file structure.cif (mmCIF, N, CA and C atoms)
data_query
#
loop_
_atom_site.label_atom_id
_atom_site.label_comp_id
_atom_site.auth_asym_id
_atom_site.auth_seq_id
_atom_site.Cartn_x
_atom_site.Cartn_y
_atom_site.Cartn_z
N MET A 1 10.30 -2.35 -6.04
CA MET A 1 10.23 -3.78 -6.23
C MET A 1 9.40 -4.08 -7.47
N GLU A 2 9.69 -5.22 -8.09
CA GLU A 2 8.96 -5.64 -9.28
C GLU A 2 7.64 -6.27 -8.87
N PRO A 3 6.53 -5.66 -9.20
CA PRO A 3 5.24 -6.18 -8.72
C PRO A 3 4.86 -7.53 -9.31
N HIS A 4 5.43 -7.93 -10.45
CA HIS A 4 5.00 -9.18 -11.08
C HIS A 4 5.68 -10.43 -10.52
N HIS A 5 6.73 -10.30 -9.75
CA HIS A 5 7.37 -11.48 -9.17
C HIS A 5 6.61 -11.88 -7.91
N PRO A 6 6.29 -13.17 -7.75
CA PRO A 6 5.50 -13.60 -6.58
C PRO A 6 6.15 -13.24 -5.24
N PHE A 7 7.48 -13.28 -5.17
CA PHE A 7 8.16 -12.91 -3.93
C PHE A 7 7.91 -11.44 -3.61
N VAL A 8 7.94 -10.60 -4.63
CA VAL A 8 7.73 -9.16 -4.41
C VAL A 8 6.33 -8.90 -3.88
N ALA A 9 5.36 -9.56 -4.46
CA ALA A 9 3.98 -9.39 -3.98
C ALA A 9 3.86 -9.82 -2.52
N ALA A 10 4.47 -10.96 -2.19
CA ALA A 10 4.42 -11.46 -0.82
C ALA A 10 5.17 -10.53 0.13
N ALA A 11 6.35 -10.05 -0.27
CA ALA A 11 7.13 -9.16 0.58
C ALA A 11 6.42 -7.83 0.78
N THR A 12 5.80 -7.31 -0.26
CA THR A 12 5.07 -6.05 -0.16
C THR A 12 3.91 -6.18 0.84
N ALA A 13 3.16 -7.27 0.73
CA ALA A 13 2.06 -7.51 1.67
C ALA A 13 2.58 -7.67 3.09
N LEU A 14 3.70 -8.37 3.24
CA LEU A 14 4.30 -8.57 4.55
C LEU A 14 4.73 -7.25 5.17
N LEU A 15 5.43 -6.43 4.39
CA LEU A 15 5.94 -5.15 4.91
C LEU A 15 4.82 -4.21 5.33
N ALA A 16 3.68 -4.31 4.68
CA ALA A 16 2.54 -3.46 5.03
C ALA A 16 2.04 -3.77 6.44
N GLN A 17 2.36 -4.95 6.95
CA GLN A 17 1.91 -5.37 8.28
C GLN A 17 2.87 -4.97 9.39
N TRP A 18 3.97 -4.31 9.05
CA TRP A 18 5.01 -3.99 10.03
C TRP A 18 5.21 -2.48 10.12
N PRO A 19 4.32 -1.76 10.78
CA PRO A 19 4.53 -0.32 10.93
C PRO A 19 5.79 -0.04 11.74
N GLY A 20 6.43 1.04 11.41
CA GLY A 20 7.66 1.40 12.10
C GLY A 20 8.90 0.77 11.50
N THR A 21 8.73 0.11 10.36
CA THR A 21 9.87 -0.49 9.67
C THR A 21 9.87 -0.01 8.23
N ARG A 22 11.07 0.05 7.66
CA ARG A 22 11.22 0.40 6.26
C ARG A 22 12.29 -0.51 5.68
N VAL A 23 11.89 -1.30 4.68
CA VAL A 23 12.81 -2.22 4.03
C VAL A 23 12.71 -2.00 2.54
N SER A 24 13.85 -1.84 1.91
CA SER A 24 13.89 -1.68 0.46
C SER A 24 14.50 -2.94 -0.15
N ILE A 25 13.74 -3.57 -1.03
CA ILE A 25 14.19 -4.79 -1.70
C ILE A 25 14.13 -4.53 -3.20
N ALA A 26 15.22 -4.85 -3.89
CA ALA A 26 15.30 -4.61 -5.34
C ALA A 26 16.15 -5.70 -5.96
N ARG A 27 16.19 -5.68 -7.27
CA ARG A 27 17.11 -6.59 -7.96
C ARG A 27 18.53 -6.20 -7.61
N PRO A 28 19.42 -7.18 -7.42
CA PRO A 28 20.80 -6.82 -7.12
C PRO A 28 21.47 -6.17 -8.33
N PRO A 29 22.44 -5.31 -8.10
CA PRO A 29 23.10 -4.64 -9.21
C PRO A 29 24.09 -5.54 -9.94
N PHE A 30 24.21 -6.78 -9.49
CA PHE A 30 25.16 -7.70 -10.08
C PHE A 30 24.46 -9.01 -10.40
N GLY A 31 25.00 -9.79 -11.31
CA GLY A 31 24.46 -11.10 -11.61
C GLY A 31 23.21 -11.07 -12.47
N SER A 32 22.84 -12.23 -12.91
CA SER A 32 21.67 -12.32 -13.79
C SER A 32 20.65 -13.33 -13.30
N ASP A 33 20.73 -13.71 -12.04
CA ASP A 33 19.79 -14.67 -11.47
C ASP A 33 18.40 -14.05 -11.42
N PRO A 34 17.44 -14.61 -12.15
CA PRO A 34 16.09 -14.03 -12.16
C PRO A 34 15.35 -14.18 -10.83
N ASP A 35 15.89 -15.02 -9.96
CA ASP A 35 15.26 -15.22 -8.65
C ASP A 35 16.17 -14.75 -7.53
N ALA A 36 16.78 -13.58 -7.73
CA ALA A 36 17.62 -12.98 -6.70
C ALA A 36 17.17 -11.55 -6.44
N PHE A 37 17.19 -11.19 -5.17
CA PHE A 37 16.84 -9.83 -4.77
C PHE A 37 17.85 -9.36 -3.74
N SER A 38 17.99 -8.07 -3.64
CA SER A 38 18.93 -7.45 -2.73
C SER A 38 18.17 -6.62 -1.70
N ILE A 39 18.53 -6.79 -0.44
CA ILE A 39 17.99 -5.93 0.60
C ILE A 39 18.86 -4.69 0.60
N ARG A 40 18.30 -3.59 0.13
CA ARG A 40 19.07 -2.34 -0.02
C ARG A 40 19.12 -1.55 1.27
N SER A 41 18.05 -1.58 2.03
CA SER A 41 18.03 -0.91 3.33
C SER A 41 17.05 -1.64 4.23
N PHE A 42 17.32 -1.57 5.52
CA PHE A 42 16.48 -2.24 6.52
C PHE A 42 16.53 -1.35 7.75
N GLU A 43 15.42 -0.71 8.05
CA GLU A 43 15.38 0.24 9.16
C GLU A 43 14.19 -0.06 10.07
N VAL A 44 14.43 0.12 11.35
CA VAL A 44 13.39 0.01 12.37
C VAL A 44 13.41 1.32 13.14
N ASP A 45 12.23 1.89 13.36
CA ASP A 45 12.14 3.15 14.12
C ASP A 45 12.89 3.00 15.45
N PRO A 46 13.59 4.04 15.85
CA PRO A 46 14.38 3.98 17.09
C PRO A 46 13.59 3.54 18.31
N ASP A 47 12.33 3.94 18.44
CA ASP A 47 11.56 3.56 19.62
C ASP A 47 11.14 2.09 19.62
N LEU A 48 11.34 1.39 18.50
CA LEU A 48 11.02 -0.04 18.42
C LEU A 48 12.26 -0.93 18.48
N ARG A 49 13.43 -0.32 18.43
CA ARG A 49 14.67 -1.10 18.42
C ARG A 49 14.90 -1.80 19.76
N GLY A 50 15.57 -2.94 19.67
CA GLY A 50 15.87 -3.70 20.88
C GLY A 50 14.73 -4.59 21.35
N GLN A 51 13.65 -4.64 20.57
CA GLN A 51 12.48 -5.45 20.95
C GLN A 51 12.32 -6.68 20.05
N GLY A 52 13.28 -6.89 19.13
CA GLY A 52 13.21 -8.05 18.24
C GLY A 52 12.36 -7.83 17.01
N VAL A 53 11.89 -6.62 16.80
CA VAL A 53 11.03 -6.33 15.64
C VAL A 53 11.77 -6.62 14.34
N GLY A 54 12.98 -6.09 14.20
CA GLY A 54 13.75 -6.29 12.98
C GLY A 54 14.11 -7.75 12.76
N THR A 55 14.45 -8.45 13.83
CA THR A 55 14.80 -9.86 13.73
C THR A 55 13.61 -10.68 13.27
N ARG A 56 12.45 -10.41 13.83
CA ARG A 56 11.24 -11.14 13.41
C ARG A 56 10.88 -10.81 11.97
N LEU A 57 11.01 -9.55 11.57
CA LEU A 57 10.70 -9.18 10.19
C LEU A 57 11.67 -9.82 9.22
N LEU A 58 12.97 -9.80 9.53
CA LEU A 58 13.94 -10.44 8.64
C LEU A 58 13.65 -11.94 8.52
N ALA A 59 13.26 -12.57 9.59
CA ALA A 59 12.92 -14.00 9.55
C ALA A 59 11.73 -14.24 8.62
N ARG A 60 10.75 -13.37 8.67
CA ARG A 60 9.57 -13.50 7.79
C ARG A 60 9.94 -13.25 6.33
N ILE A 61 10.80 -12.27 6.08
CA ILE A 61 11.25 -12.02 4.70
C ILE A 61 12.01 -13.25 4.19
N ALA A 62 12.89 -13.81 5.03
CA ALA A 62 13.64 -15.01 4.64
C ALA A 62 12.70 -16.18 4.38
N GLN A 63 11.66 -16.30 5.18
CA GLN A 63 10.68 -17.36 5.01
C GLN A 63 9.98 -17.22 3.66
N GLU A 64 9.61 -15.99 3.31
CA GLU A 64 8.98 -15.76 2.00
C GLU A 64 9.96 -16.03 0.86
N ALA A 65 11.22 -15.67 1.06
CA ALA A 65 12.24 -15.95 0.03
C ALA A 65 12.35 -17.47 -0.17
N ASP A 66 12.37 -18.21 0.92
CA ASP A 66 12.43 -19.67 0.83
C ASP A 66 11.21 -20.22 0.10
N ARG A 67 10.06 -19.72 0.47
CA ARG A 67 8.80 -20.21 -0.12
C ARG A 67 8.76 -19.97 -1.62
N HIS A 68 9.40 -18.89 -2.09
CA HIS A 68 9.38 -18.54 -3.51
C HIS A 68 10.67 -18.89 -4.23
N GLY A 69 11.59 -19.59 -3.55
CA GLY A 69 12.84 -20.00 -4.18
C GLY A 69 13.75 -18.84 -4.56
N VAL A 70 13.76 -17.80 -3.74
CA VAL A 70 14.50 -16.57 -4.03
C VAL A 70 15.77 -16.49 -3.19
N SER A 71 16.87 -16.11 -3.83
CA SER A 71 18.11 -15.79 -3.12
C SER A 71 18.07 -14.34 -2.70
N LEU A 72 18.63 -14.05 -1.54
CA LEU A 72 18.71 -12.68 -1.05
C LEU A 72 20.17 -12.27 -0.94
N HIS A 73 20.45 -11.02 -1.24
CA HIS A 73 21.79 -10.46 -1.13
C HIS A 73 21.73 -9.22 -0.26
N VAL A 74 22.82 -8.93 0.43
CA VAL A 74 22.90 -7.74 1.26
C VAL A 74 24.36 -7.32 1.39
N GLU A 75 24.57 -6.04 1.57
CA GLU A 75 25.90 -5.51 1.85
C GLU A 75 25.86 -4.93 3.26
N PRO A 76 26.15 -5.77 4.27
CA PRO A 76 25.89 -5.38 5.65
C PRO A 76 27.03 -4.69 6.38
N ALA A 77 28.22 -4.63 5.81
CA ALA A 77 29.37 -4.18 6.59
C ALA A 77 29.39 -2.69 6.86
N LEU A 78 28.72 -1.90 6.06
CA LEU A 78 28.74 -0.45 6.26
C LEU A 78 27.38 0.04 6.71
N THR A 79 27.36 0.90 7.70
CA THR A 79 26.12 1.49 8.13
C THR A 79 25.78 2.64 7.20
N ARG A 80 24.65 3.23 7.40
CA ARG A 80 24.20 4.33 6.54
C ARG A 80 25.19 5.49 6.54
N ASP A 81 25.85 5.73 7.64
CA ASP A 81 26.80 6.85 7.69
C ASP A 81 28.21 6.44 7.31
N GLY A 82 28.39 5.23 6.79
CA GLY A 82 29.68 4.80 6.28
C GLY A 82 30.63 4.25 7.32
N VAL A 83 30.17 4.04 8.54
CA VAL A 83 31.02 3.50 9.60
C VAL A 83 30.97 1.98 9.55
N LEU A 84 32.14 1.33 9.58
CA LEU A 84 32.22 -0.12 9.55
C LEU A 84 31.55 -0.69 10.79
N ASP A 85 30.60 -1.61 10.60
CA ASP A 85 29.88 -2.21 11.71
C ASP A 85 29.58 -3.65 11.35
N LEU A 86 30.40 -4.56 11.82
CA LEU A 86 30.20 -5.97 11.50
C LEU A 86 29.10 -6.59 12.35
N GLY A 87 28.60 -5.89 13.35
CA GLY A 87 27.48 -6.40 14.14
C GLY A 87 26.25 -6.62 13.27
N VAL A 88 26.08 -5.77 12.29
CA VAL A 88 24.96 -5.93 11.36
C VAL A 88 25.15 -7.22 10.55
N ALA A 89 26.38 -7.51 10.15
CA ALA A 89 26.66 -8.75 9.42
C ALA A 89 26.36 -9.96 10.29
N ASP A 90 26.71 -9.89 11.57
CA ASP A 90 26.39 -10.98 12.49
C ASP A 90 24.89 -11.19 12.60
N TRP A 91 24.15 -10.08 12.60
CA TRP A 91 22.68 -10.15 12.67
C TRP A 91 22.13 -10.86 11.44
N TYR A 92 22.62 -10.51 10.25
CA TYR A 92 22.18 -11.19 9.04
C TYR A 92 22.60 -12.66 9.06
N ALA A 93 23.78 -12.95 9.56
CA ALA A 93 24.26 -14.34 9.60
C ALA A 93 23.33 -15.22 10.43
N ARG A 94 22.75 -14.67 11.47
CA ARG A 94 21.81 -15.46 12.29
C ARG A 94 20.56 -15.85 11.51
N SER A 95 20.31 -15.20 10.38
CA SER A 95 19.18 -15.55 9.52
C SER A 95 19.61 -16.32 8.28
N GLY A 96 20.84 -16.85 8.31
CA GLY A 96 21.29 -17.73 7.23
C GLY A 96 22.12 -17.07 6.14
N PHE A 97 22.43 -15.79 6.28
CA PHE A 97 23.28 -15.13 5.29
C PHE A 97 24.73 -15.53 5.53
N VAL A 98 25.49 -15.71 4.44
CA VAL A 98 26.92 -16.02 4.52
C VAL A 98 27.67 -15.05 3.63
N TRP A 99 28.95 -14.83 3.96
CA TRP A 99 29.78 -13.94 3.15
C TRP A 99 30.00 -14.57 1.78
N ASN A 100 29.99 -13.76 0.74
CA ASN A 100 30.30 -14.25 -0.60
C ASN A 100 31.71 -14.83 -0.64
N ASP A 101 32.64 -14.19 0.04
CA ASP A 101 34.03 -14.65 0.10
C ASP A 101 34.43 -14.76 1.57
N PRO A 102 34.20 -15.93 2.17
CA PRO A 102 34.49 -16.09 3.60
C PRO A 102 35.96 -15.83 3.96
N ALA A 103 36.87 -16.06 3.02
CA ALA A 103 38.29 -15.83 3.29
C ALA A 103 38.61 -14.34 3.38
N ASP A 104 37.83 -13.50 2.70
CA ASP A 104 38.05 -12.06 2.70
C ASP A 104 36.68 -11.37 2.68
N PRO A 105 35.95 -11.44 3.81
CA PRO A 105 34.57 -10.94 3.82
C PRO A 105 34.43 -9.48 3.43
N LEU A 106 35.41 -8.68 3.77
CA LEU A 106 35.28 -7.27 3.46
C LEU A 106 35.80 -6.93 2.06
N GLY A 107 36.36 -7.93 1.37
CA GLY A 107 36.85 -7.70 0.01
C GLY A 107 35.76 -7.18 -0.90
N ASP A 108 34.62 -7.90 -0.91
CA ASP A 108 33.50 -7.36 -1.69
C ASP A 108 32.36 -6.91 -0.79
N GLY A 109 32.41 -7.27 0.50
CA GLY A 109 31.44 -6.77 1.47
C GLY A 109 30.03 -7.29 1.29
N GLN A 110 29.86 -8.34 0.51
CA GLN A 110 28.52 -8.85 0.20
C GLN A 110 28.24 -10.16 0.94
N MET A 111 26.99 -10.33 1.32
CA MET A 111 26.51 -11.59 1.88
C MET A 111 25.33 -12.05 1.04
N HIS A 112 25.06 -13.34 1.09
CA HIS A 112 23.90 -13.87 0.38
C HIS A 112 23.24 -14.96 1.22
N ARG A 113 22.02 -15.24 0.83
CA ARG A 113 21.25 -16.31 1.48
C ARG A 113 20.50 -17.04 0.39
N ARG A 114 20.83 -18.30 0.19
CA ARG A 114 20.15 -19.12 -0.80
C ARG A 114 18.85 -19.64 -0.19
N PRO A 115 17.86 -19.95 -1.03
CA PRO A 115 16.61 -20.50 -0.48
C PRO A 115 16.89 -21.79 0.28
N MET A 116 16.24 -21.92 1.41
CA MET A 116 16.40 -23.10 2.24
C MET A 116 15.11 -23.90 2.23
N PRO A 117 15.25 -25.23 2.16
CA PRO A 117 14.02 -26.03 2.21
C PRO A 117 13.36 -25.91 3.56
N SER A 118 12.08 -25.89 3.54
CA SER A 118 11.31 -25.76 4.77
C SER A 118 11.25 -27.08 5.51
N THR A 119 11.39 -27.03 6.82
CA THR A 119 11.20 -28.22 7.64
C THR A 119 9.86 -28.16 8.37
N ALA A 120 9.22 -26.99 8.32
CA ALA A 120 7.93 -26.84 8.98
C ALA A 120 6.81 -27.17 7.97
N PRO A 121 5.85 -27.97 8.36
CA PRO A 121 4.77 -28.29 7.43
C PRO A 121 3.97 -27.06 7.04
N GLY A 122 3.55 -27.03 5.79
CA GLY A 122 2.66 -25.97 5.31
C GLY A 122 3.35 -24.70 4.84
N LEU A 123 4.67 -24.62 4.90
CA LEU A 123 5.34 -23.39 4.46
C LEU A 123 5.60 -23.40 2.97
N ARG A 124 5.65 -24.51 2.34
CA ARG A 124 5.88 -24.56 0.89
C ARG A 124 4.62 -24.79 0.16
#

call {"tool": "encode", "arguments": {"input": "structure.cif", "output": "structure tokens"}}
result
Amino acid sequence: MEPHHPFVAAATALLAQWPGTRVSIARPPFGSDPDAFSIRSFEVDPDLRGQGVGTRLLARIAQEADRHGVSLHVEPALTRDGVLDLGVADWYARSGFVWNDPADPLGDGQMHRRPMPSTAPGLR
């Protein structure tokens, strides 16, 4: 991650508070938006799965993205071993991610999440 971007600093500090998780965030390989990042990998230790750890962490990452006006991108349709798994895409969708091409979601396999205005006081 780029240490000079405020979102990166916030995400790095956030991730340090979540033992048993590994998230890789980098600039997306496409586009030129200076305020866009890509979630390259998102892993939760097997003994912590099913407890909402990943869901809570993704919500916090999304909250930081909103706070810093950052778009997030992800390619959720393929698992690490290359098996098609749209359940992961559904999981991202619950945090506000949408398919780049809703008519053909698997055409490019990418989802994005634009910054959302906060409705909770004190988040911006």

call {"tool": "resolve_selection", "arguments": {"input": "structure.cif", "expression": "the PyMOL selection byres (((chain A and resi 76 and name CA) around 10) and name CA)", "output": "number ranges by chain"}}
result
A: 39-42, 73-75, 77-80, 84-93, 99, 106, 109-111

call {"tool": "residues_around", "arguments": {"input": "structure.cif", "residues": "His68 (chain A)", "least_positions_apart": "4", "cutoff": "10 Å", "atoms": "only C-alpha atoms", "output": "list in words"}}
result
His5, Pro6, Phe7, Val8, Ala10, Asp35, Ala62, Gln63, Glu64, Pro115 and Arg124 of chain A

call {"tool": "atom_distance", "arguments": {"input": "structure.cif", "atom1": "atom C of Ala103 (chain A)", "atom2": "atom N of Ile25 (chain A)"}}
result
27.5 Å

call {"tool": "closest_residue", "arguments": {"input": "structure.cif", "among": "A:Asn100, A:Gly20, A:Pro34, A:Ser71", "to": "Arg113 (chain A)", "atoms": "only N, CA and C atoms"}}
result
A:Ser71

call {"tool": "select_by_dssp", "arguments": {"input": "structure.cif", "residues": "region 8-110 of chain A", "states": "helix (DSSP H, G or I)", "output": "ChimeraX atom specification"}}
result
/A:8-16,46-48,53-67,86-93,105-108

call {"tool": "resolve_selection", "arguments": {"input": "structure.cif", "expression": "the PyMOL selection byres (((chain A and resi 43 and name CA) around 8) and name CA)", "output": "MDAnalysis selection string"}}
result
chainID A and resid 21:23 41:42 44:45 54

call {"tool": "write_last_selection", "arguments": {"input": "structure.cif", "atoms": "N, CA and C atoms", "output": "tab-separated table (two decimals), keeping the file's coordinate frame"}}
result
chain	number	residue	atom	x	y	z
A	21	THR	N	8.73	0.11	10.36
A	21	THR	CA	9.87	-0.49	9.67
A	21	THR	C	9.87	-0.01	8.23
A	22	ARG	N	11.07	0.05	7.66
A	22	ARG	CA	11.22	0.40	6.26
A	22	ARG	C	12.29	-0.51	5.68
A	23	VAL	N	11.89	-1.30	4.68
A	23	VAL	CA	12.81	-2.22	4.03
A	23	VAL	C	12.71	-2.00	2.54
A	41	SER	N	18.05	-1.58	2.03
A	41	SER	CA	18.03	-0.91	3.33
A	41	SER	C	17.05	-1.64	4.23
A	42	PHE	N	17.32	-1.57	5.52
A	42	PHE	CA	16.48	-2.24	6.52
A	42	PHE	C	16.53	-1.35	7.75
A	44	VAL	N	14.43	0.12	11.35
A	44	VAL	CA	13.39	0.01	12.37
A	44	VAL	C	13.41	1.32	13.14
A	45	ASP	N	12.23	1.89	13.36
A	45	ASP	CA	12.14	3.15	14.12
A	45	ASP	C	12.89	3.00	15.45
A	54	GLY	N	12.98	-6.09	14.20
A	54	GLY	CA	13.75	-6.29	12.98
A	54	GLY	C	14.11	-7.75	12.76

call {"tool": "select_by_dssp", "arguments": {"input": "structure.cif", "residues": "region 10-40 of chain A", "states": "strand (DSSP E or B)", "output": "MDAnalysis selection string"}}
result
chainID A and resid 21:26 36:40

call {"tool": "closest_residue", "arguments": {"input": "structure.cif", "among": "A:His112, A:Pro105, A:Leu14, A:Pro117", "to": "Ile61 (chain A)", "atoms": "all atoms listed in the file"}}
result
A:Leu14

call {"tool": "atom_distance", "arguments": {"input": "structure.cif", "atom1": "CA of Leu15 (chain A)", "atom2": "CA of Gln51 (chain A)"}}
result
17.3 Å

call {"tool": "atom_distance", "arguments": {"input": "structure.cif", "atom1": "atom N of Leu72 (chain A)", "atom2": "atom C of Arg114 (chain A)"}}
result
5.8 Å

call {"tool": "closest_residue", "arguments": {"input": "structure.cif", "among": "A:Val70, A:Leu48, A:Ala16, A:Ala59", "to": "Ala36 (chain A)", "atoms": "all atoms listed in the file"}}
result
A:Val70

call {"tool": "closest_residue", "arguments": {"input": "structure.cif", "among": "A:Thr12, A:Ser24, A:Ser95, A:Thr55", "to": "Phe37 (chain A)", "atoms": "only C-alpha atoms"}}
result
A:Ser24
